[in-house]
Amino acid sequence: MAAHNDGIGTHDEHLTSDDSMKLYMHKEDSRMKRILGRMKLEAFEPTWWAKSAYPQMALFGFWQATHLLRNSFERTILVCEDGGEVAVDRFLEPRGSELPEDAPLAIFLHTITGGRYDTAEFMRYALQRGWRPFLLVRRGHLGTFLKTPKFNVMGCKDDTQLMMDHIVAQWPKARFVGAIGISAGSNHIISYISRPGGGHPVQAAVLLMEQLLMVSAKLFFLAPNRFLLRDVEGYEKTLWSSTACDFLTASYKLAGYASKEEYLATQDPIASSHENQVPCLILNAADDPLCRSENIRIDVTSRSHNFALLVTDGGSHIAYREGAWGGSSYMHRLAIDFLEASMADLASGAAGGQEVKT
């Protein structure tokens with residue numbers, strides 16, 4: 001497996017009990033070692049008849065579809081300073097099975113063109129584990145046209161802060177706040193938790209296979225909103241871009257930035273990752289057909305503390321289906337295990353009178 005590593009700093013490569021996965025982290029990161037020590041890291045064992053990447057993705061799609069009609073959400077629409085709209089979707093507990101007020105919060109950031117439909121299964125699993133799940137719905141994902149000529153496929157930090165503040169204001173007694181970024185949502189998580197102020201209120205995060213699908217973004221944002229966006233500088237160039245790089249550099253005006261240099265500087269998750277103080281687990285699959293193994297950023301664990309990277313041989317793109325019929329997900333289990341281990345580590349440090357850095 002080839003992977004990006006510029007040799008900066010130093011990291012440990014820990015071979016787990018199974019050679020089908022590798023775990024990387026900074027060798028001096030004592031907090032991450034404590035957190036991972038609280039987990040039982042098991043190898044991914046895919047559904048026996050769907051071991052390769054594309055059958056895994058097919059299973060993922062099937063099980064996502066089975067969860068579409070079995071869920072209940074409560075949506076709150078929030079208006080941003082410029083008049084744009086975002087939303088918070090709360091996954092509701094079944095009547096009679098309400099969680100206590102201090103239940104931990106699991107805040108999800110969806111894929112580049114996603115929403116509640118492709119996170120419902122994951123949110124249901126989090127709820128079953130005792131976490132109160134929320135989805136941050138970015139501009140253009142509410143099922144309606146954009147309200148203002150502004151969108152950002154990488155996510156807007158100010159919009160995210162607005163949604164985060166709304167959630168913690170509604171649930172002030174929550175004993176812990178964890179964030180889970182799925183695919184493109186992972187990029188935004190790193191940028192958010194690495195901003196000045198430490199990414200409040202997030203106390204631990206999981207990043208699941210970042211990727212940018214430029215064609216999907218065109219169909220999802222540009223085509224339906226062309227009457228609102230067509231007069232914004234860069235619209236036509238963004239529409240006819242042929243690579244993800246061209247798409248990003250052409251769309252800076254649509255994202256509300258004065259220059260492409262400013263846009264790229266603020267959106268590059270790796271550039272600011274050294275500022276992160278939140279324990280963060282990154283999961284990637286070497287056979288992911290979208291986020292190729294040569295693009296996995298192993299070097300992030302050598303640049304700074306607070307990151308652990310787990311690379312498995314299989315899993316495809318945000319699939320990780322396991323069990324006889326593929327009805328469960330290794331990815332879901334691992335993510336919640338990490339958040340619970342982080343929560344336990346924070347609680348043990350506070351109980352012991354130790355200084356806890358988050």
# chains A, B, ... in the order shown; residues from 1 in each chain; ligands from 1
call {"tool": "residues_around", "arguments": {"residues": "Glu121 in chain A", "least_positions_apart": "5", "cutoff": "8 Å", "atoms": "only C-alpha atoms", "output": "list in words"}}
result
Trp63, Gln64 and His67 of chain A
call {"tool": "residues_around", "arguments": {"residues": "Gly115 in chain A", "least_positions_apart": "4", "cutoff": "10 Å", "atoms": "only C-alpha atoms", "output": "list of chain:residue names"}}
result
A:Asp89, A:Phe108, A:Leu109, A:His110, A:Thr111, A:Thr119, A:Ala120, A:Leu135, A:Leu136, A:Val137, A:Arg138, A:His141, A:Leu142, A:Gly143
call {"tool": "write_last_selection", "arguments": {"atoms": "N, CA and C atoms", "output": "compact mmCIF listing (two decimals), in the first residue's frame"}}
result
# COMPACT_ATOMS: atom_id res chain seq x y z
N ASP A 89 -30.93 18.26 11.95
CA ASP A 89 -31.86 17.14 12.01
C ASP A 89 -31.55 16.31 13.25
N PHE A 108 -23.23 14.42 13.41
CA PHE A 108 -22.78 13.89 12.13
C PHE A 108 -22.65 14.99 11.08
N LEU A 109 -21.61 14.91 10.26
CA LEU A 109 -21.44 15.77 9.09
C LEU A 109 -21.49 14.87 7.86
N HIS A 110 -22.43 15.15 6.99
CA HIS A 110 -22.74 14.22 5.90
C HIS A 110 -21.78 14.34 4.71
N THR A 111 -22.02 13.50 3.70
CA THR A 111 -21.19 13.45 2.51
C THR A 111 -21.42 14.67 1.63
N THR A 119 -27.32 8.82 6.25
CA THR A 119 -26.76 8.73 7.60
C THR A 119 -27.73 8.08 8.58
N ALA A 120 -28.94 7.77 8.15
CA ALA A 120 -29.98 7.27 9.06
C ALA A 120 -29.55 5.99 9.77
N LEU A 135 -27.73 15.58 12.89
CA LEU A 135 -27.08 15.76 11.60
C LEU A 135 -27.03 17.24 11.27
N LEU A 136 -25.84 17.75 10.92
CA LEU A 136 -25.71 19.13 10.47
C LEU A 136 -25.94 19.16 8.96
N VAL A 137 -27.01 19.83 8.56
CA VAL A 137 -27.40 19.85 7.15
C VAL A 137 -26.90 21.15 6.52
N ARG A 138 -25.94 21.04 5.62
CA ARG A 138 -25.31 22.21 5.02
C ARG A 138 -26.22 22.88 3.99
N HIS A 141 -28.61 21.36 0.95
CA HIS A 141 -28.96 19.97 1.26
C HIS A 141 -30.32 19.85 1.95
N LEU A 142 -31.07 20.95 2.03
CA LEU A 142 -32.33 20.94 2.77
C LEU A 142 -33.51 20.44 1.93
N GLY A 143 -33.25 20.12 0.67
CA GLY A 143 -34.34 19.69 -0.20
C GLY A 143 -35.03 20.84 -0.89
call {"tool": "select_by_dssp", "arguments": {"residues": "range 23-270 of chain A", "states": "helix (DSSP H, G or I)", "output": "NGL selection string"}}
result
:A and (30-37 or 53-66 or 116-118 or 120-128 or 157-170 or 184-193 or 214-222 or 226-229 or 235-239 or 244-250 or 260-267)
call {"tool": "residues_around", "arguments": {"residues": "range 243-260 of chain A", "least_positions_apart": "5", "cutoff": "6 Å", "atoms": "only C-alpha atoms", "output": "list in words"}}
result
Lys150, Phe151, Asn152, Met214, Gly234 and Thr238 of chain A
call {"tool": "closest_residue", "arguments": {"among": "A:Phe145, A:Phe134, A:Tyr263, A:Trp48", "to": "Gly178 in chain A", "atoms": "only C-alpha atoms"}}
result
A:Phe134
call {"tool": "select_by_dssp", "arguments": {"residues": "range 9-188 of chain A", "states": "strand (DSSP E)", "output": "JSON, numbers by chain"}}
result
{"A": [12, 13, 14, 15, 21, 22, 23, 24, 25, 73, 74, 75, 76, 77, 78, 79, 85, 86, 87, 88, 89, 90, 91, 105, 106, 107, 108, 109, 132, 133, 134, 135, 136, 137, 177, 178, 179, 180, 181, 182]}
call {"tool": "write_last_selection", "arguments": {"atoms": "N, CA, C and O atoms", "output": "compact mmCIF listing (two decimals), in the first residue's frame"}}
result
# COMPACT_ATOMS: atom_id res chain seq x y z
N ASP A 12 4.57 6.38 15.13
CA ASP A 12 4.69 4.94 15.32
C ASP A 12 3.76 4.25 14.34
O ASP A 12 2.65 4.71 14.09
N GLU A 13 4.20 3.16 13.78
CA GLU A 13 3.31 2.28 13.03
C GLU A 13 3.10 1.05 13.87
O GLU A 13 4.03 0.28 14.12
N HIS A 14 1.90 0.88 14.38
CA HIS A 14 1.60 -0.24 15.25
C HIS A 14 0.90 -1.33 14.44
O HIS A 14 -0.20 -1.12 13.94
N LEU A 15 1.53 -2.45 14.30
CA LEU A 15 0.86 -3.58 13.68
C LEU A 15 -0.03 -4.21 14.73
O LEU A 15 0.44 -4.61 15.79
N MET A 21 -4.60 -4.76 9.05
CA MET A 21 -4.81 -3.35 9.38
C MET A 21 -3.58 -2.78 10.08
O MET A 21 -2.84 -3.51 10.75
N LYS A 22 -3.36 -1.50 9.86
CA LYS A 22 -2.22 -0.80 10.44
C LYS A 22 -2.72 0.45 11.16
O LYS A 22 -3.60 1.15 10.66
N LEU A 23 -2.12 0.71 12.32
CA LEU A 23 -2.51 1.84 13.15
C LEU A 23 -1.32 2.77 13.31
O LEU A 23 -0.25 2.34 13.72
N TYR A 24 -1.53 4.05 12.99
CA TYR A 24 -0.47 5.05 13.07
C TYR A 24 -0.86 6.13 14.07
O TYR A 24 -2.01 6.57 14.11
N MET A 25 0.12 6.59 14.85
CA MET A 25 -0.07 7.76 15.70
C MET A 25 1.30 8.29 16.12
O MET A 25 2.32 7.60 15.96
N PHE A 73 -37.34 11.99 12.28
CA PHE A 73 -36.45 13.12 12.46
C PHE A 73 -37.24 14.37 12.85
O PHE A 73 -38.41 14.52 12.48
N GLU A 74 -36.56 15.24 13.57
CA GLU A 74 -37.11 16.56 13.87
C GLU A 74 -36.14 17.59 13.29
O GLU A 74 -34.97 17.61 13.68
N ARG A 75 -36.62 18.42 12.37
CA ARG A 75 -35.74 19.38 11.70
C ARG A 75 -35.94 20.79 12.24
O ARG A 75 -37.08 21.25 12.39
N THR A 76 -34.83 21.47 12.49
CA THR A 76 -34.84 22.87 12.86
C THR A 76 -34.05 23.64 11.80
O THR A 76 -32.86 23.36 11.59
N ILE A 77 -34.69 24.58 11.14
CA ILE A 77 -34.02 25.38 10.11
C ILE A 77 -33.44 26.64 10.77
O ILE A 77 -34.13 27.32 11.53
N LEU A 78 -32.19 26.91 10.49
CA LEU A 78 -31.49 28.07 11.03
C LEU A 78 -31.11 29.02 9.90
O LEU A 78 -30.65 28.57 8.84
N VAL A 79 -31.28 30.30 10.13
CA VAL A 79 -30.98 31.31 9.11
C VAL A 79 -29.61 31.93 9.42
O VAL A 79 -29.38 32.42 10.53
N GLU A 85 -29.74 29.35 4.44
CA GLU A 85 -30.36 28.44 5.40
C GLU A 85 -29.56 27.15 5.55
O GLU A 85 -29.09 26.57 4.57
N VAL A 86 -29.44 26.72 6.80
CA VAL A 86 -28.90 25.41 7.15
C VAL A 86 -29.92 24.77 8.09
O VAL A 86 -30.91 25.40 8.46
N ALA A 87 -29.67 23.54 8.47
CA ALA A 87 -30.64 22.87 9.36
C ALA A 87 -29.94 21.88 10.27
O ALA A 87 -28.84 21.40 9.98
N VAL A 88 -30.60 21.59 11.36
CA VAL A 88 -30.18 20.53 12.29
C VAL A 88 -31.27 19.48 12.31
O VAL A 88 -32.43 19.79 12.62
N ASP A 89 -30.93 18.26 11.95
CA ASP A 89 -31.86 17.14 12.01
C ASP A 89 -31.55 16.31 13.25
O ASP A 89 -30.43 15.79 13.39
N ARG A 90 -32.52 16.20 14.13
CA ARG A 90 -32.37 15.35 15.30
C ARG A 90 -33.05 14.02 15.05
O ARG A 90 -34.22 13.96 14.66
N PHE A 91 -32.32 12.94 15.26
CA PHE A 91 -32.87 11.59 15.15
C PHE A 91 -33.62 11.30 16.45
O PHE A 91 -33.03 11.26 17.52
N LEU A 105 -23.80 13.53 23.02
CA LEU A 105 -24.29 13.93 21.71
C LEU A 105 -23.36 13.41 20.62
O LEU A 105 -22.13 13.55 20.72
N ALA A 106 -23.93 12.82 19.59
CA ALA A 106 -23.18 12.39 18.40
C ALA A 106 -23.63 13.27 17.24
O ALA A 106 -24.78 13.19 16.79
N ILE A 107 -22.73 14.13 16.77
CA ILE A 107 -23.05 15.10 15.73
C ILE A 107 -22.41 14.65 14.43
O ILE A 107 -21.19 14.51 14.33
N PHE A 108 -23.23 14.42 13.41
CA PHE A 108 -22.78 13.89 12.13
C PHE A 108 -22.65 14.99 11.08
O PHE A 108 -23.50 15.89 11.01
N LEU A 109 -21.61 14.91 10.26
CA LEU A 109 -21.44 15.77 9.09
C LEU A 109 -21.49 14.87 7.86
O LEU A 109 -20.69 13.94 7.72
N ARG A 132 -27.22 10.62 21.65
CA ARG A 132 -28.29 11.40 21.03
C ARG A 132 -27.77 11.94 19.69
O ARG A 132 -26.89 12.79 19.67
N PRO A 133 -28.31 11.46 18.56
CA PRO A 133 -27.73 11.79 17.25
C PRO A 133 -28.34 13.05 16.62
O PRO A 133 -29.55 13.27 16.66
N PHE A 134 -27.46 13.83 15.98
CA PHE A 134 -27.86 15.01 15.22
C PHE A 134 -27.11 15.02 13.89
O PHE A 134 -25.97 14.55 13.81
N LEU A 135 -27.73 15.58 12.89
CA LEU A 135 -27.08 15.76 11.60
C LEU A 135 -27.03 17.24 11.27
O LEU A 135 -28.06 17.94 11.33
N LEU A 136 -25.84 17.75 10.92
CA LEU A 136 -25.71 19.13 10.47
C LEU A 136 -25.94 19.16 8.96
O LEU A 136 -25.18 18.57 8.20
N VAL A 137 -27.01 19.83 8.56
CA VAL A 137 -27.40 19.85 7.15
C VAL A 137 -26.90 21.15 6.52
O VAL A 137 -27.37 22.24 6.84
N VAL A 177 -19.59 15.60 23.83
CA VAL A 177 -19.98 15.91 22.45
C VAL A 177 -18.95 15.30 21.51
O VAL A 177 -17.76 15.65 21.54
N GLY A 178 -19.40 14.38 20.67
CA GLY A 178 -18.54 13.76 19.67
C GLY A 178 -19.02 14.11 18.28
O GLY A 178 -20.22 14.33 18.06
N ALA A 179 -18.10 14.20 17.32
CA ALA A 179 -18.44 14.52 15.94
C ALA A 179 -17.95 13.41 15.02
O ALA A 179 -16.87 12.84 15.24
N ILE A 180 -18.74 13.12 14.00
CA ILE A 180 -18.40 12.08 13.03
C ILE A 180 -18.55 12.66 11.63
O ILE A 180 -19.65 13.05 11.23
N GLY A 181 -17.45 12.72 10.89
CA GLY A 181 -17.47 13.21 9.52
C GLY A 181 -17.43 12.04 8.55
O GLY A 181 -16.56 11.17 8.66
N ILE A 182 -18.37 12.02 7.62
CA ILE A 182 -18.47 10.91 6.67
C ILE A 182 -18.03 11.39 5.30
O ILE A 182 -18.58 12.34 4.75
call {"tool": "atom_distance", "arguments": {"atom1": "CA of Phe307 in chain A", "atom2": "CA of Leu281 in chain A"}}
result
5.9 Å
call {"tool": "closest_residue", "arguments": {"among": "A:Ser186, A:Ile193, A:Val206, A:Thr148", "to": "Phe227 in chain A", "atoms": "only C-alpha atoms"}}
result
A:Thr148
call {"tool": "closest_residue", "arguments": {"among": "A:Leu68, A:Leu59, A:Ile298, A:Ala126", "to": "Ala103 in chain A", "atoms": "only C-alpha atoms"}}
result
A:Ala126
call {"tool": "atom_distance", "arguments": {"atom1": "CA of Ile336 in chain A", "atom2": "CA of Tyr117 in chain A"}}
result
19.7 Å
